[in-house]
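J.: Here you go, one structure.
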Amino acid sequence: MSYSAEMDTRGFTIAHDLFSADEVGKLREQARVILDKPAFKGDLDKHALYNRVRYDVFNRNPETRWLMTDDRVVRVMRALIGPDFVFLPEGALHESGYGGWHKDTTAQENANQKFQWEPDFLMVQVALYLQDNDPELAGGLDVIPGSHNSPDRRIRRPGRGVMDKVLGRLQSGATNLRDQLRGEPVRNRAGDLVMFHYRLDHRASIPRRPVPDDRRKLAYFFAISRPNRFASQYVRYIASRPDYQYLRDYRLDPSFASQLTEKGLTMIVPGGDDMTLV
């Protein structure tokens, strides 16, 4: 089955063995160096409570940019979305992140954004995990296949009374239990590229025992979209959110912009009253 067909039916797909063991080893060392640098002010958000995140990692760290422009990666992206896919300004490096069940469109739907349900919407999170998703040590993603076509059960409902809040917590607990029963791990290996729909219900796989330092969970993320109006609409939305501090007065490094242009690639970034194609 093709990448695009798997995305349509299951909401996720994998490009196996895209990076060699040697490349993965070097990327792990590189990630540790980046994570040991002082964090930018905008990186010190709620995620610091349970993992370390370095936002805008490709723009800020030139040594990482080849991951987005590598011919193998670009070939997979074009097979998945089409020759004119666009990057979104959401690159990040995560260490030891273990978030709960969610869709990546929940926050925007809670903000009354509904464009993610339009028929020609397709945005994809792309994750390069630098370790296997092991049954004991985890290291990747759990998903509910096909849930990108199901309504989001985590949308806040109207109501402000005590009973509304109690019912909301009960509903949230029931939803998480249901997802845990329905979910399954994506059995990626180190060096695989895992791609999943923004509307897919997913969470980080949870380790069953302590993770040794040499298996510490590391992953690079970036995001792509169909080249349509929703890409600009989405970037405008995230640029308005207080937790996307790095998008304030955003500037794409000119050398990065040139590198993308030389490869025939496009990124949409905040720019004035509208979005700018770079």
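FYI, nothing fancy with the structure tokens labels: chains A, B, ... in order, residues from 1 per chain, ligands from 1 as they appear.
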Kindly provide the residues of region 131-154 of chain A that approach region 201-211 of chain A to within 8 Å, each paired with its closest atom pair and their distance in Å to one decimal, based on only C-alpha atoms, listed by chain and increasing number, as a Markdown table.

T.:
| residue | atom | partner | partner_atom | distance |
| --- | --- | --- | --- | --- |
| A:Asn133 | CA | A:Ser205 | CA | 7.6 |
| A:Pro135 | CA | A:Pro207 | CA | 7.6 |
| A:Glu136 | CA | A:Arg208 | CA | 5.1 |
| A:Leu137 | CA | A:Pro207 | CA | 4.5 |
| A:Ala138 | CA | A:Pro207 | CA | 4.7 |
| A:Gly139 | CA | A:Ser205 | CA | 6.5 |
| A:Gly140 | CA | A:Ser205 | CA | 5.5 |
| A:Leu141 | CA | A:Ala204 | CA | 4.6 |
| A:Asp142 | CA | A:Ser205 | CA | 5.2 |
| A:Val143 | CA | A:His202 | CA | 4.3 |
| A:Ile144 | CA | A:Asp201 | CA | 5.7 |
| A:Ser147 | CA | A:Asp201 | CA | 5.8 |
| A:His148 | CA | A:Asp201 | CA | 6.7 |

J.: Keeping only N, CA and C atoms, write those residues as a short mmCIF file (atom, residue, chain, number, x, y, z; two decimals), in the first residue's frame.

T.:
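Below you can see out-v1.cif, which holds the result:
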data_model
loop_
_atom_site.label_atom_id
_atom_site.label_comp_id
_atom_site.auth_asym_id
_atom_site.auth_seq_id
_atom_site.Cartn_x
_atom_site.Cartn_y
_atom_site.Cartn_z
N ASN A 133 10.68 1.58 18.88
CA ASN A 133 9.55 1.62 19.81
C ASN A 133 9.42 0.23 20.42
N PRO A 135 8.68 -2.85 23.08
CA PRO A 135 7.53 -3.18 23.94
C PRO A 135 7.77 -2.85 25.41
N GLU A 136 9.01 -2.91 25.89
CA GLU A 136 9.31 -2.63 27.29
C GLU A 136 9.77 -1.19 27.52
N LEU A 137 10.62 -0.67 26.62
CA LEU A 137 11.24 0.64 26.83
C LEU A 137 10.52 1.75 26.08
N ALA A 138 9.55 1.38 25.24
CA ALA A 138 8.81 2.35 24.42
C ALA A 138 9.80 3.09 23.50
N GLY A 139 9.50 4.35 23.19
CA GLY A 139 10.39 5.09 22.30
C GLY A 139 9.72 5.62 21.06
N GLY A 140 8.39 5.50 20.99
CA GLY A 140 7.68 5.96 19.81
C GLY A 140 6.25 6.38 20.13
N LEU A 141 5.31 5.86 19.34
CA LEU A 141 3.95 6.38 19.32
C LEU A 141 2.93 5.26 19.44
N ASP A 142 1.83 5.52 20.18
CA ASP A 142 0.63 4.68 20.13
C ASP A 142 -0.44 5.44 19.33
N VAL A 143 -1.22 4.70 18.56
CA VAL A 143 -2.24 5.34 17.71
C VAL A 143 -3.52 4.54 17.75
N ILE A 144 -4.61 5.19 17.33
CA ILE A 144 -5.87 4.51 17.07
C ILE A 144 -6.10 4.58 15.57
N SER A 147 -8.75 6.84 13.32
CA SER A 147 -9.42 7.83 14.15
C SER A 147 -9.33 9.24 13.59
N HIS A 148 -8.54 9.44 12.53
CA HIS A 148 -8.49 10.77 11.89
C HIS A 148 -9.82 11.10 11.21
#

J.: Near region 73-88 of chain A, counting only C-alpha atoms, which residues have an atom at most 10 Å away, once you skip same-chain residues fewer than 2 positions from it, shown as a ChimeraX atom specification?

T.: /A:2-8,13-15,18-19,66-71,90-91,122-126,193,195,222-228,231-232,234-235,260,263-270,277-278

J.: Taking the DSSP secondary structure from the backbone, can you list the residues of region 81-170 of chain A that are strand (DSSP E or B), as an MDAnalysis selection string?

T.: chainID A and resid 86:95 102 123:129 134 138 141:143

J.: Given the choices A:Lys114, A:Lys41, A:Arg156, A:Arg72, which gets closest to Ser20 (chain A) if the distance is worked out from only C-alpha atoms?

T.: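 The shortest atom-to-atom distance to Ser20 (chain A) comes from A:Arg72.
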
J.: Record the distance separating CA of Asp134 (chain A) and CA of Arg187 (chain A), expressed in Å with one decimal.

T.: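 According to the coordinates, CA of Asp134 (chain A) and CA of Arg187 (chain A) are separated by 7.4 Å.
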
J.: Enumerate the residues of region 4-223 of chain A with a DSSP assignment of helix (DSSP H, G or I), computed from the backbone, and present them as a PyMOL selection string.

T.: chain A and resi 4-10+21-35+41-43+46-49+57-60+62-64+66-69+71-80+106-110+115-117+147-149+162-182+213-215

J.: Give me, please, the distance in Å between CA of Leu247 (chain A) and CA of Asp56 (chain A), quoted to one decimal.

T.: 8.9 Å

J.: Can you pull out the residues contacting Ile155 (chain A)? Cut-off 8 Å, using only C-alpha atoms, and skip same-chain residues under 2 positions away; I want them as a list in words.

T.: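 Selected residues are Thr106, Glu109, Asn110, Asp152, Arg153 and Arg157 of chain A.
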
J.: With a distance cut-off of 10 Å and only C-alpha atoms, select the neighbouring residues of Asp214 (chain A), excluding the residue or stretch itself and same-chain residues fewer than 3 positions from it, and output the selection as a VMD selection string.

T.: chain A and resid 28 131 211 217

J.: My list of candidates is A:Phe221, A:Phe115, A:Phe40, A:Tyr198. Which is closest to Glu95 (chain A) when distances are computed with only C-alpha atoms?

T.: A:Phe221

J.: Near Arg60 (chain A), counting only C-alpha atoms, which residues have an atom at most 12 Å away, once you skip same-chain residues fewer than 3 positions from it, shown as an MDAnalysis selection string?

T.: chainID A and resid 34 37 39:40 54:57 63:65 89 91:93 246 250:256

J.: How many Å separate CA of Arg236 (chain A) from CA of Arg154 (chain A)?

T.: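 Distance reported for this atom pair: 22.9 Å.
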
J.: Which is closest to Tyr237 (chain A) among A:Asn112, A:Ser96, A:Thr9, A:Asn61, if we use only C-alpha atoms?

T.: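 Distance minimum relative to Tyr237 (chain A) lands on A:Asn112.
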